[in-house]
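Accompanying notes for the structure given below.
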Amino acid sequence: MHLRLKIVSLAVIFLIGIGVWMLLKVAPPRDTVSDDTVEGIQPRRSALHERPDQTNGVDVRMTPIKIPASAPATAADLHERKLDPRADGWDGEVLGEAALNQLRRILASDAEGGDAWPLSAGFACTPLRPNQRAEVFRTGTMAVHRGEIPQEMTLRGEAALRAQVNAVGVLPGTRVEIKIVRVAPRTDGFSTRALVELFRVDDRRRKQVSARWDCEWLHVEDDGSESGPLLHRLALASYEETVATSGRAMFEDVTHAVIGDSAGYRGQVRRGMNHWAARLTKIDDLHFFGHHGLAIGDANGDGLEDLYLCDGGGLPNRLYLQNADGTVRDASAESGTDWLEESKSALFLDLDNDGDQDLVVATVALLLLMENDGGGKFRIRGGIPGLPDPHSMSAADYDNDGDVDLFVCNYGAKPADAGRSGFEATAPIPFHDANNGGRNVLLKNNGKFRFIDATREAGLETTAGRWSFAAAWEDFDDDGDQDLYVSNDFGRNNLFRNDQLPGGGRRFRDVAGELGVEDMASGMSVAWADYNRDGKMDLYVGNMFSAAGNRITSRQRFTGNRPNTAKQLQRMARGNTLFQGSRDGRFHDVSETAAVTMGRWAWSSLFADLNNDGWQDLVVANGYLTNERTDDL
Amino acid sequence: MAPSPTGKKDTKAVQDYSAAWTAIMRLARAGSSWSGRERNCAFLNCGDVEQGARFANVSAVSGLDFPDDGRALAVTDWDGDGDLDLWARNRNAPRLRMLRNNASTDDPGAQNWIALRLEGRKVNRDAIGARAEVVLADGTRLQKTVHAGTGFLSQSSKWLHFGLGSGTPEIRLVMVRWPGGNSETFVGIENKRRHRLTEGTGKAERLPPRSGVADHAASNQEPLPASGAAQIILPRRIPLPTMTFHPAGASAPVPLQEGSRPLLLLIFSGHCGTCRTEMTEFTAEAQAIREAGLEILALSLDSLAPGGDADGAAAKLIQETEFPFLTGSVTAASAGRIRHLLGSLFDYPPPFSVPLSLLLDAKRNIVSIYRGPVALETLVHDLRHGVGGHIDFLRDLAIPFPGRWHTKSITESELAEFVANYFQSYDPAERLRYLEIATTSALNSNRADKLRRQVIDGHLAWARNYSSGGKVDQALFHFEKTLQLDPENGPAHNDFGALLANQGKLAEAENHFRRALVIDPDYALAKRNLKLLIPLRNK
């Protein structure tokens with residue numbers, strides 16, 4: 001619910017107390033007649049209360065009750081039944097699951113001496129670890145080993161496979177993860193491709209194996225034992241070992257030590273969205289998707305970085321100021337930034353060029369513009385209304401006039417309605433190239449915290465409303481002005497080139513198609529950097545990788561009579577994309593040769609030189625919905 | 001799985017596809033995972049590697065591979081020790097991780113770095129869009145741009161951090177290209193130091209090294225135990241859905257009426273041990289509960305079970321606990337409506353479980369919801385502040401931590417419409433009831449008119465539906481409702497007339513056809529109906 005703004009019109013303020021005429025005389029002249037900033041926003045602190053609370057740590061046994069349906073089944077009910085692939089005739093999904101279970105049996109580290117493995121009588125495999133391995137890269141404490149992939153199926157029988165599994169490092173304590181990404185039927189069985197990741201810590205050594213296995217399976221006669229398919233052939237398709245010898249991990253979670261045991265930490269950090277989505281209502285926009293961002297900046301001008309956290313409706317945003325010892329103190333209330341309205345993202349920016357970090361917060365009702373007094377106290381200077389579904393924001397001075405402007409991605413076309421928003425309120429159509437999403441907005445900074453909607457004037461008003469999750473500015477063509485990449489869910493992305501008009505104005509043109517960066521997929525994030533140090537900026541786009549999506553879209557039944565659409569849909573589930581910039585301005589998709597697609601269901605996907613070796617590495621935050629059940633839709 | 005339609009015009013396909021979305025999200029809300037427990041990834045750039053791909057998978061060895069539902073990520077050298085730390089924001093718990101990078105401490109190959117903060121004078125002060133190029137004596141060139149907003153919902157530091165590789169790198173200069181295209185060369189940059197580069201000065205200002213940072217202990221922030229119990233005050237009172245129950249000993253269901261005092265509606269099962277504990281406590285506290293001005297109605301759900309309440313467990317529980325308040329059993333339709341109401345309010349409602357109680361005011365609006373047993377102390381608090389307090393205070397009582405609002409609380413009418421919209425796909429009749437509440441409580445006539453229109457259309461749709469389904473009584477009821485709200489509704493008069501005619505009520509039918517023709521003299525259908533009717537009447 002976002003339209004219940006508490007805005008007192010200027011006229012009303014003028015009429016209170018003093019004569020209108022007097023005020024008009026002393027009021028400073030407006031910079032522009034047509035800006036889009038509203039003022040007179042009157043925040044209200046919530047009343048303090050202490051309510052008895054028995055929820056903490058109390059484990060109460062409750063009795064679930066199934067209520068029989070008293071209304072006829074709806075269309076969604078029917079679909080719910082069809083979502084079970086068995087019921088829907090997707091035999092490939094059933095085979096994939098069977099293969100996964102068999103591989104898990106084989107790789108269960110306690111299988112030593114246990115039941116016989118599900119292998120065919122004629123089972124054969126390649127070595128699972130290349131015999132010839134070389135250290136191809138090393139930095140200080142980390143090393144990467146690779147080797148020639150053996151082609152010949154030289155090994156036979158269970159004993160040989162056990163020796164291989166052992167050699168590759170599957171021992172008690174090894175963490176094993178398997179994903180089946182492809183299933184294809186064969187005359188007497190079927191084949192699968194599996195991604196296998198192994199990880200173990202021995203003393204001071206951390207070792208990871210990432211491999212791809214191609215398997216052939218034979219069906220067995222159904223004798224009622226439910227023994228499942230038998231592994232007939234197993235071939236190593238790729239192999240990599242990485243080893244770190246520093247003892248402790250390169251990254252360690254120190255959140256608890258940094259934030260301490262405050263109410264804000266216990267309640268807001270250690271409770272997930274599912275907890276709140278069972279307790280706070282959709283009336284005040286608490287949803288379980290957890291799309292809440294963070295911003296880093298020096299809020300109080302002491303030279304240390306501080307942290308601003310956005311949160312769901314009914315949970316206050318938090319400003320954590322950094323202390324000299326690296327810990328933080330909660331300054332949310334005193335700084336005036338503890339907004340309770342659902343907030344997706346925020347940016348620290350010096351909007352008025354006075355040397356401190358102002359704050360922009362994208363709430364569900366308004367884009368709030370807050371001025372910093374220089375010491376970390378923020379005052380509302382206005383807000384931008386009318387944004388349907390703001391998500392990521394990105395700032396740059398697109399018109400080179402000396403102040404930063406704002407680009408706001410709006411995902412859905414409509415604000416939350418009856419507790420539904422985004423793709424739940426409006427189905428994205430068509431799925432692989434949807435154009436019924438929200439209208440993105442370019443807000444031009446006119447000084448003094450006044451902004452105008454320059455979207456149309458700048459040529460960013462596209463005919464298709466993309467489902468935009470994220471955007472990032474960069475002067476990719478090195479001509480002195482900022483260009484903009486926009487990452488869209490359900491379809492193609494945009495690269496808007498910033499062109500100077502002869503008259504001096506600015507005009508953006510979408511060159512994503514001609515420069516090869518449309519990346520038709522489920523775009524969630526975007527970052528720019530020069531990863532290969534050739535002087536040209538490259539792009540890393542965060543997308544969805546879905547094992548199920550890969551399995552299903554590669555099946556004949558799916559591709560059937562729509563080869564083009566099917567190809568596009570396959571691309572939707574491939575994962576992240578790395579585009580390499582080149583001298584001629586075009587970009588080349590090097591994702592697969594660079595081995596950076598498998599970022600799983602990716603959100604923020606960023607460049608960062610993690611080990612100071614001068615090369616930009618990649619970090620990916622991922623995962624969609626982890627709920628109580630471990631199944632995977 | 002439903003194929004996606006390729007255009008909006010294919011209405012049937014769009015509906016089918018939308019229903020598939022609804023279905024998959026319903027499963028997720030019922031506890032299924034969807035790409036859950038996925039581990040964060042880290043890919044190490046191996047430079048110009050000779051064998052294989054440029055990047056190596058170091059997700060696990062780096063320690064970054066937490067199985068969180070990750071969302072935002074920000075990169076910053078938080079502790080100023082010369083390597084890049086990460087702040088991660090997650091959907092599930094823990095919702096935040098500060099991931100300290102140990103490279104500059106532990107890795108002899110990660111000791112060389114510089115950090116630059118650019119500051120504009122003519123260009124924007126934050127120097128967003130400025131690009132710094134570090135030139136080393138060996139010819140290596142590294143470049144980075146000041147960004148504000150990259151990734152998903154994330155803003156990383158505006159400090160530009162450059163790792164300089166192992167050995168003893170010699171920094172020749174830093175070239176800054178300011179937004180607009182002007183270049184400026186900076187000298188005086190020193191390894192392992194932070195610098196401020198101000199536009200127009202040409203000289204880097206070296207900042208003192210950071211000191212005094214504590215060695216923070218690592219911990220994995222194990223999740224807190226989950227609990228199904230919750231005591232929830234709603235941000236605004238919500239009218240109870242239509243509620244009927246069988247009072248103890250009575251066979252006919254009766255509606256729950258308004259009363260003179262607040263009521264705790266307790267839903268329980270005779271097979272639920274926690275219910276027994278709670279009801280035993282209520283028995284012991286009966287006097288205090290009544291003194292607080294509260295009545296209790298305990299309704300059993302056992303008759304909804306497949307075999308019904310054959311073993312009389314609910315009655316036994318009441319007898320054994322000597323429960324001194326009103327009791328009965330709830331109808332399936334009413335229980336279903338409560339479940340849907342909870343679904344309308346909460347995005348991730350837990351499975352419907354007992355004990356569940358609702359604190360109702362005298363007018364039978366829901367003030368608070370208790371999953372699991374509720375203590376007398378909480379009831380007394382919520383009676384005083386929730387039932388008796390100012391309505392604006394409810395929104396503040398509903399939230400767990402203080403903060404500030406810039407929007408107003410939802411109005412009674414908006415809330416009723418909110419609930420009505422949810423009921424649309426579950427219980428259309430109940431939807432109409434909430435829409436009627438929304439209409440009568442609307443604050444302005446425009447909104448009231450719009451809502452009234454929806455109510456009228458709803459009643460007419462039901463009337464026609466029942467009419468064609470042969471359910472005459474229900475159809476009559478809805479036609480009367482429609483015409484009561486909208487006496488000038490020609491099509492309703494016509495359809496009502498047709499139903500009456502089929503019932504043999506020819507005089508009444510004629511009246512309605514004539515009314516339809518007064519409203520619209522050119523209404524062909526009514527004309528034809530009247531023409532058919534008159535000879536019948538004359539017979």
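Chains: A, B, ... in order of the structure tokens. Residues: from 1 per chain. Ligands: from 1, in order shown.
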
Could you pull out the helix (DSSP H, G or I) residues of region 93-256 of chain B, going by DSSP on the backbone, and write them as a ChimeraX atom specification? /B:103-106,108-110

I'd like the neighbourhood of Phe587 (chain A) as a PyMOL selection string, where a residue qualifies if any of its atoms comes within 9 Å (using only C-alpha atoms), though same-chain residues fewer than 3 positions away should be ignored. chain A and resi 515-517+538-539+579-582+584

Identify, on the basis of only C-alpha atoms, every residue whose closest approach to Arg574 (chain A) does not exceed 12 Å; exclude the query and any residue fewer than 5 positions from it along the same chain; express the result as a VMD selection string. chain A and resid 181 to 182 519 to 523 541 to 551 553 to 554 567 to 569 591 to 592 595 to 602

Export C-alpha atoms of the chosen residues as a PDB file, in the first residue's frame?
ATOM      1  CA  VAL A 181      21.978 -30.282 -15.601  1.00  0.00           C
ATOM      2  CA  ARG A 182      21.062 -32.446 -18.572  1.00  0.00           C
ATOM      3  CA  ASP A 519      21.862 -11.168 -23.038  1.00  0.00           C
ATOM      4  CA  MET A 520      18.336 -12.538 -23.232  1.00  0.00           C
ATOM      5  CA  ALA A 521      18.050 -14.122 -19.811  1.00  0.00           C
ATOM      6  CA  SER A 522      16.806 -13.425 -16.326  1.00  0.00           C
ATOM      7  CA  GLY A 523      18.963 -10.406 -15.522  1.00  0.00           C
ATOM      8  CA  VAL A 541      25.663  -9.685 -15.709  1.00  0.00           C
ATOM      9  CA  GLY A 542      24.016 -11.664 -12.925  1.00  0.00           C
ATOM     10  CA  ASN A 543      21.420 -14.120 -14.222  1.00  0.00           C
ATOM     11  CA  MET A 544      19.503 -17.158 -13.158  1.00  0.00           C
ATOM     12  CA  PHE A 545      21.145 -20.560 -13.375  1.00  0.00           C
ATOM     13  CA  SER A 546      18.599 -23.294 -12.847  1.00  0.00           C
ATOM     14  CA  ALA A 547      19.497 -26.969 -12.986  1.00  0.00           C
ATOM     15  CA  ALA A 548      15.831 -27.818 -13.537  1.00  0.00           C
ATOM     16  CA  GLY A 549      15.597 -25.157 -16.230  1.00  0.00           C
ATOM     17  CA  ASN A 550      18.641 -26.649 -17.946  1.00  0.00           C
ATOM     18  CA  ARG A 551      17.239 -30.154 -17.793  1.00  0.00           C
ATOM     19  CA  THR A 553      14.746 -26.846 -21.806  1.00  0.00           C
ATOM     20  CA  SER A 554      17.249 -29.312 -23.258  1.00  0.00           C
ATOM     21  CA  LYS A 567      16.755 -21.887 -27.664  1.00  0.00           C
ATOM     22  CA  GLN A 568      15.943 -18.582 -26.046  1.00  0.00           C
ATOM     23  CA  LEU A 569      14.443 -20.345 -23.066  1.00  0.00           C
ATOM     24  CA  SER A 591      31.192 -16.565 -20.225  1.00  0.00           C
ATOM     25  CA  GLU A 592      31.691 -20.209 -21.065  1.00  0.00           C
ATOM     26  CA  ALA A 595      33.978 -20.547 -16.759  1.00  0.00           C
ATOM     27  CA  VAL A 596      31.866 -17.985 -14.936  1.00  0.00           C
ATOM     28  CA  THR A 597      28.304 -18.956 -15.876  1.00  0.00           C
ATOM     29  CA  MET A 598      27.552 -21.163 -12.897  1.00  0.00           C
ATOM     30  CA  GLY A 599      26.740 -18.453 -10.377  1.00  0.00           C
ATOM     31  CA  ARG A 600      23.593 -20.451  -9.517  1.00  0.00           C
ATOM     32  CA  TRP A 601      20.394 -18.386  -9.041  1.00  0.00           C
ATOM     33  CA  ALA A 602      22.458 -15.204  -8.955  1.00  0.00           C
TER      34      ALA A 602
END

Would you pick out the contacts of region 164-167 of chain B at 12 Å or less, using only C-alpha atoms, so that residues sharing its chain but fewer than 4 positions from it are not included, and give the list as a PyMOL selection string? (chain A and resi 138-141+609-616) or (chain B and resi 47+82-83+104+107-115+134-138+140-143+171+190-193)

Which residue gives the smallest distance to Ser32 (chain B) among B:Asp77, B:Asp309, B:Tyr348, B:Ala492, with only C-alpha atoms counted? B:Tyr348

Interatomic distance, CA of Ile296 (chain B) to CA of Arg431 (chain B) (Å, one decimal):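 Value for the CA of Ile296 (chain B)-CA of Arg431 (chain B) distance: 27.4 Å.
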
Residue contacts of Ala333 (chain B) (12 Å, only C-alpha atoms) excluding same-chain residues fewer than 3 positions away, as a short mmCIF file (atom, residue, chain, number, x, y, z; two decimals) with all heavy atoms, in the first residue's frame:
data_model
loop_
_atom_site.label_atom_id
_atom_site.label_comp_id
_atom_site.auth_asym_id
_atom_site.auth_seq_id
_atom_site.Cartn_x
_atom_site.Cartn_y
_atom_site.Cartn_z
N ILE A 67 -7.93 -28.34 6.64
CA ILE A 67 -9.33 -27.92 6.49
C ILE A 67 -9.81 -28.36 5.12
O ILE A 67 -9.20 -28.01 4.11
CB ILE A 67 -9.46 -26.39 6.62
CG1 ILE A 67 -8.92 -25.96 8.00
CG2 ILE A 67 -10.90 -25.95 6.43
CD1 ILE A 67 -8.79 -24.47 8.14
N PRO A 68 -10.87 -29.16 5.07
CA PRO A 68 -11.35 -29.62 3.76
C PRO A 68 -11.83 -28.43 2.92
O PRO A 68 -12.39 -27.47 3.45
CB PRO A 68 -12.51 -30.56 4.10
CG PRO A 68 -12.89 -30.23 5.51
CD PRO A 68 -11.69 -29.66 6.18
N ALA A 69 -11.56 -28.50 1.62
CA ALA A 69 -11.95 -27.40 0.73
C ALA A 69 -13.47 -27.32 0.65
O ALA A 69 -14.14 -28.34 0.57
CB ALA A 69 -11.36 -27.62 -0.65
N SER A 70 -14.00 -26.12 0.72
CA SER A 70 -15.45 -25.99 0.60
C SER A 70 -15.82 -25.25 -0.68
O SER A 70 -16.98 -25.01 -0.96
CB SER A 70 -16.02 -25.26 1.82
OG SER A 70 -15.33 -24.05 2.03
N ALA A 71 -14.81 -24.86 -1.48
CA ALA A 71 -15.08 -24.16 -2.74
C ALA A 71 -14.51 -24.99 -3.89
O ALA A 71 -13.60 -25.79 -3.68
CB ALA A 71 -14.44 -22.79 -2.71
N PRO B 241 -14.31 -12.64 9.30
CA PRO B 241 -15.12 -13.19 8.19
C PRO B 241 -16.42 -13.79 8.74
O PRO B 241 -16.53 -14.01 9.95
CB PRO B 241 -14.23 -14.30 7.61
CG PRO B 241 -12.92 -14.18 8.26
CD PRO B 241 -13.06 -13.37 9.49
N THR B 242 -17.33 -14.06 7.85
CA THR B 242 -18.58 -14.68 8.25
C THR B 242 -18.28 -15.96 9.02
O THR B 242 -17.54 -16.81 8.55
CB THR B 242 -19.42 -15.04 7.01
OG1 THR B 242 -19.49 -13.87 6.21
CG2 THR B 242 -20.80 -15.50 7.41
N MET B 243 -18.86 -16.06 10.21
CA MET B 243 -18.44 -17.11 11.14
C MET B 243 -19.69 -17.79 11.67
O MET B 243 -20.54 -17.14 12.28
CB MET B 243 -17.70 -16.37 12.25
CG MET B 243 -16.97 -17.17 13.26
SD MET B 243 -15.50 -17.89 12.56
CE MET B 243 -15.39 -19.24 13.69
N THR B 244 -19.82 -19.09 11.42
CA THR B 244 -20.93 -19.82 12.04
C THR B 244 -20.35 -20.99 12.83
O THR B 244 -19.29 -21.50 12.48
CB THR B 244 -21.91 -20.36 11.00
OG1 THR B 244 -21.18 -21.12 10.04
CG2 THR B 244 -22.66 -19.25 10.30
N PHE B 245 -21.06 -21.36 13.89
CA PHE B 245 -20.56 -22.47 14.71
C PHE B 245 -21.75 -23.19 15.35
O PHE B 245 -22.86 -22.66 15.43
CB PHE B 245 -19.60 -21.95 15.78
CG PHE B 245 -20.25 -21.07 16.83
CD1 PHE B 245 -20.58 -21.58 18.09
CD2 PHE B 245 -20.53 -19.74 16.56
CE1 PHE B 245 -21.16 -20.77 19.05
CE2 PHE B 245 -21.12 -18.92 17.53
CZ PHE B 245 -21.44 -19.44 18.77
N PRO B 253 -26.21 -24.72 13.20
CA PRO B 253 -25.18 -23.70 13.36
C PRO B 253 -25.80 -22.31 13.57
O PRO B 253 -26.88 -22.02 13.03
CB PRO B 253 -24.40 -23.76 12.05
CG PRO B 253 -25.34 -24.35 11.07
CD PRO B 253 -26.32 -25.20 11.82
N LEU B 301 -12.26 -27.99 16.21
CA LEU B 301 -12.17 -28.28 14.77
C LEU B 301 -12.32 -29.77 14.50
O LEU B 301 -12.20 -30.19 13.36
CB LEU B 301 -10.80 -27.83 14.26
CG LEU B 301 -10.61 -26.39 13.85
CD1 LEU B 301 -9.12 -26.11 13.69
CD2 LEU B 301 -11.31 -26.12 12.55
N LEU B 304 -14.18 -31.56 11.64
CA LEU B 304 -13.71 -31.42 10.25
C LEU B 304 -12.81 -32.58 9.84
O LEU B 304 -12.54 -32.78 8.67
CB LEU B 304 -12.94 -30.12 10.06
CG LEU B 304 -13.64 -28.84 10.47
CD1 LEU B 304 -12.81 -27.64 10.07
CD2 LEU B 304 -15.01 -28.75 9.83
N SER B 329 -18.44 -26.07 18.21
CA SER B 329 -17.54 -26.53 17.14
C SER B 329 -17.77 -25.67 15.91
O SER B 329 -18.87 -25.17 15.67
CB SER B 329 -17.76 -28.01 16.85
OG SER B 329 -19.04 -28.17 16.27
N VAL B 330 -16.68 -25.51 15.16
CA VAL B 330 -16.71 -24.57 14.04
C VAL B 330 -17.10 -25.29 12.76
O VAL B 330 -16.85 -26.49 12.61
CB VAL B 330 -15.33 -23.89 13.91
CG1 VAL B 330 -14.29 -24.88 13.43
CG2 VAL B 330 -15.38 -22.67 13.03
N GLY B 336 -12.33 -22.40 6.99
CA GLY B 336 -11.68 -22.06 5.73
C GLY B 336 -11.52 -20.56 5.56
O GLY B 336 -10.49 -20.07 5.11
N ARG B 337 -12.56 -19.81 5.96
CA ARG B 337 -12.48 -18.36 5.82
C ARG B 337 -11.41 -17.76 6.72
O ARG B 337 -10.71 -16.84 6.34
CB ARG B 337 -13.83 -17.72 6.14
CG ARG B 337 -14.81 -17.85 4.98
CD ARG B 337 -16.12 -17.15 5.28
NE ARG B 337 -17.18 -17.88 4.61
CZ ARG B 337 -18.15 -18.55 5.21
NH1 ARG B 337 -18.24 -18.52 6.54
NH2 ARG B 337 -19.03 -19.21 4.51
N ILE B 338 -11.26 -18.32 7.92
CA ILE B 338 -10.21 -17.80 8.81
C ILE B 338 -8.84 -18.09 8.20
O ILE B 338 -7.96 -17.24 8.19
CB ILE B 338 -10.34 -18.42 10.21
CG1 ILE B 338 -11.57 -17.83 10.88
CG2 ILE B 338 -9.09 -18.17 11.05
CD1 ILE B 338 -11.84 -18.32 12.27
N ARG B 339 -8.71 -19.28 7.63
CA ARG B 339 -7.43 -19.61 6.99
C ARG B 339 -7.14 -18.63 5.84
O ARG B 339 -6.02 -18.14 5.69
CB ARG B 339 -7.45 -21.04 6.46
CG ARG B 339 -6.14 -21.46 5.82
CD ARG B 339 -6.07 -22.96 5.66
NE ARG B 339 -7.03 -23.44 4.68
CZ ARG B 339 -6.71 -23.72 3.41
NH1 ARG B 339 -5.47 -23.57 3.00
NH2 ARG B 339 -7.61 -24.17 2.57
N HIS B 340 -8.15 -18.33 5.02
CA HIS B 340 -7.93 -17.42 3.91
C HIS B 340 -7.65 -16.00 4.40
O HIS B 340 -6.87 -15.27 3.81
CB HIS B 340 -9.13 -17.42 2.96
CG HIS B 340 -9.29 -18.73 2.26
ND1 HIS B 340 -8.22 -19.44 1.78
CD2 HIS B 340 -10.39 -19.47 1.97
CE1 HIS B 340 -8.65 -20.56 1.24
NE2 HIS B 340 -9.96 -20.61 1.33
N TYR B 426 -10.65 -17.26 -3.72
CA TYR B 426 -10.93 -18.37 -2.80
C TYR B 426 -12.40 -18.48 -2.44
O TYR B 426 -12.94 -19.57 -2.32
CB TYR B 426 -10.11 -18.20 -1.51
CG TYR B 426 -8.63 -18.32 -1.72
CD1 TYR B 426 -7.84 -17.20 -1.85
CD2 TYR B 426 -8.03 -19.57 -1.84
CE1 TYR B 426 -6.47 -17.31 -2.06
CE2 TYR B 426 -6.67 -19.69 -2.04
CZ TYR B 426 -5.89 -18.55 -2.16
OH TYR B 426 -4.56 -18.67 -2.37
N ASP B 427 -13.03 -17.33 -2.21
CA ASP B 427 -14.38 -17.34 -1.67
C ASP B 427 -15.08 -16.05 -2.13
O ASP B 427 -15.14 -15.06 -1.40
CB ASP B 427 -14.28 -17.40 -0.13
CG ASP B 427 -15.63 -17.62 0.51
OD1 ASP B 427 -16.65 -17.34 -0.14
OD2 ASP B 427 -15.65 -18.06 1.68
N ALA B 429 -18.05 -15.09 -2.42
CA ALA B 429 -19.17 -14.55 -1.64
C ALA B 429 -18.63 -13.71 -0.48
O ALA B 429 -19.13 -12.61 -0.21
CB ALA B 429 -20.02 -15.70 -1.10
N GLU B 430 -17.58 -14.22 0.14
CA GLU B 430 -16.99 -13.48 1.26
C GLU B 430 -16.33 -12.19 0.75
O GLU B 430 -16.32 -11.18 1.44
CB GLU B 430 -15.96 -14.37 1.96
CG GLU B 430 -15.55 -13.91 3.33
CD GLU B 430 -16.70 -13.83 4.33
OE1 GLU B 430 -17.76 -14.44 4.09
OE2 GLU B 430 -16.54 -13.13 5.35
#

Might you pull out every residue within 10 Å of Ala526 (chain B), with only C-alpha atoms counted and same-chain residues fewer than 6 positions away left off, and present them as a list in words?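 Skipping anything fewer than 6 positions along the chain leaves Gly490, Pro491, His493, Asn494, Asp495, Gly497, Ala498, Glu510, His512, Phe513, Arg514, Arg515, Ala516, Leu517, Asp520 and Leu532 of chain B.
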
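Counting from CA of Asn446 (chain A), the distance to CA of Glu119 (chain B) is 20.5 Å.
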
How many Å lie between CA of Gly513 (chain A) and CA of Thr455 (chain A), rounded to one decimal?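 Atom-to-atom, CA of Gly513 (chain A) and CA of Thr455 (chain A) are spaced 20.7 Å apart.
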
Would you write out, as a tab-separated table, a table of all residues in region 212-310 of chain B that have an atom no more than 9 Å from an atom of region 386-402 of chain B, listing for each the closest atom pair and the distance in Å to one decimal, considering only C-alpha atoms and ordering rows by chain and rising residue number?
residue	atom	partner	partner_atom	distance
B:Ile232	CA	B:Ala398	CA	6.8
B:Ile233	CA	B:Ala398	CA	4.9
B:Leu234	CA	B:Ala398	CA	5.6
B:Pro235	CA	B:Arg395	CA	3.9
B:Arg236	CA	B:Leu394	CA	6.0
B:Arg237	CA	B:Leu394	CA	8.3
B:Pro262	CA	B:Val387	CA	7.9

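Using only C-alpha atoms, the nearest neighbour of chain A within the list B:Ala463, B:Leu356, B:Leu256, B:Ile289 is B:Leu356.
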
So that I can check the surroundings of Asp449 (chain B), please list as JSON, numbers by chain every protein, DNA and RNA residue that reaches within 10 Å of it, counting only C-alpha atoms and ignoring chain neighbours fewer than 6 positions away. {"B": [439, 442, 455]}

Selected residue of minimal separation from chain A among B:Ala284, B:Leu435, B:Val174, B:Ala19, counting only C-alpha atoms: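 Checking each candidate against chain A, we get B:Ala19 as the closest.
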
If you run DSSP on the backbone, which residues of region 366-421 of chain A are strand (DSSP E), as a VMD selection string? chain A and resid 367 to 372 378 to 384 390 to 396 405 to 410

From the options A:Glu424, A:Asp338, A:Asp478, A:Asp214, which residue's atoms come nearest to Leu234 (chain A), counting only C-alpha atoms? A:Asp214

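Closest approach to Cys272 (chain B) among B:Ala28, B:Val187, B:Ala332, B:Val354: B:Val354, based on only C-alpha atoms.
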
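Nearest residue to chain B among A:Asn131, A:Asn410, A:Asn323, A:Thr577 is A:Asn323, counting only C-alpha atoms.
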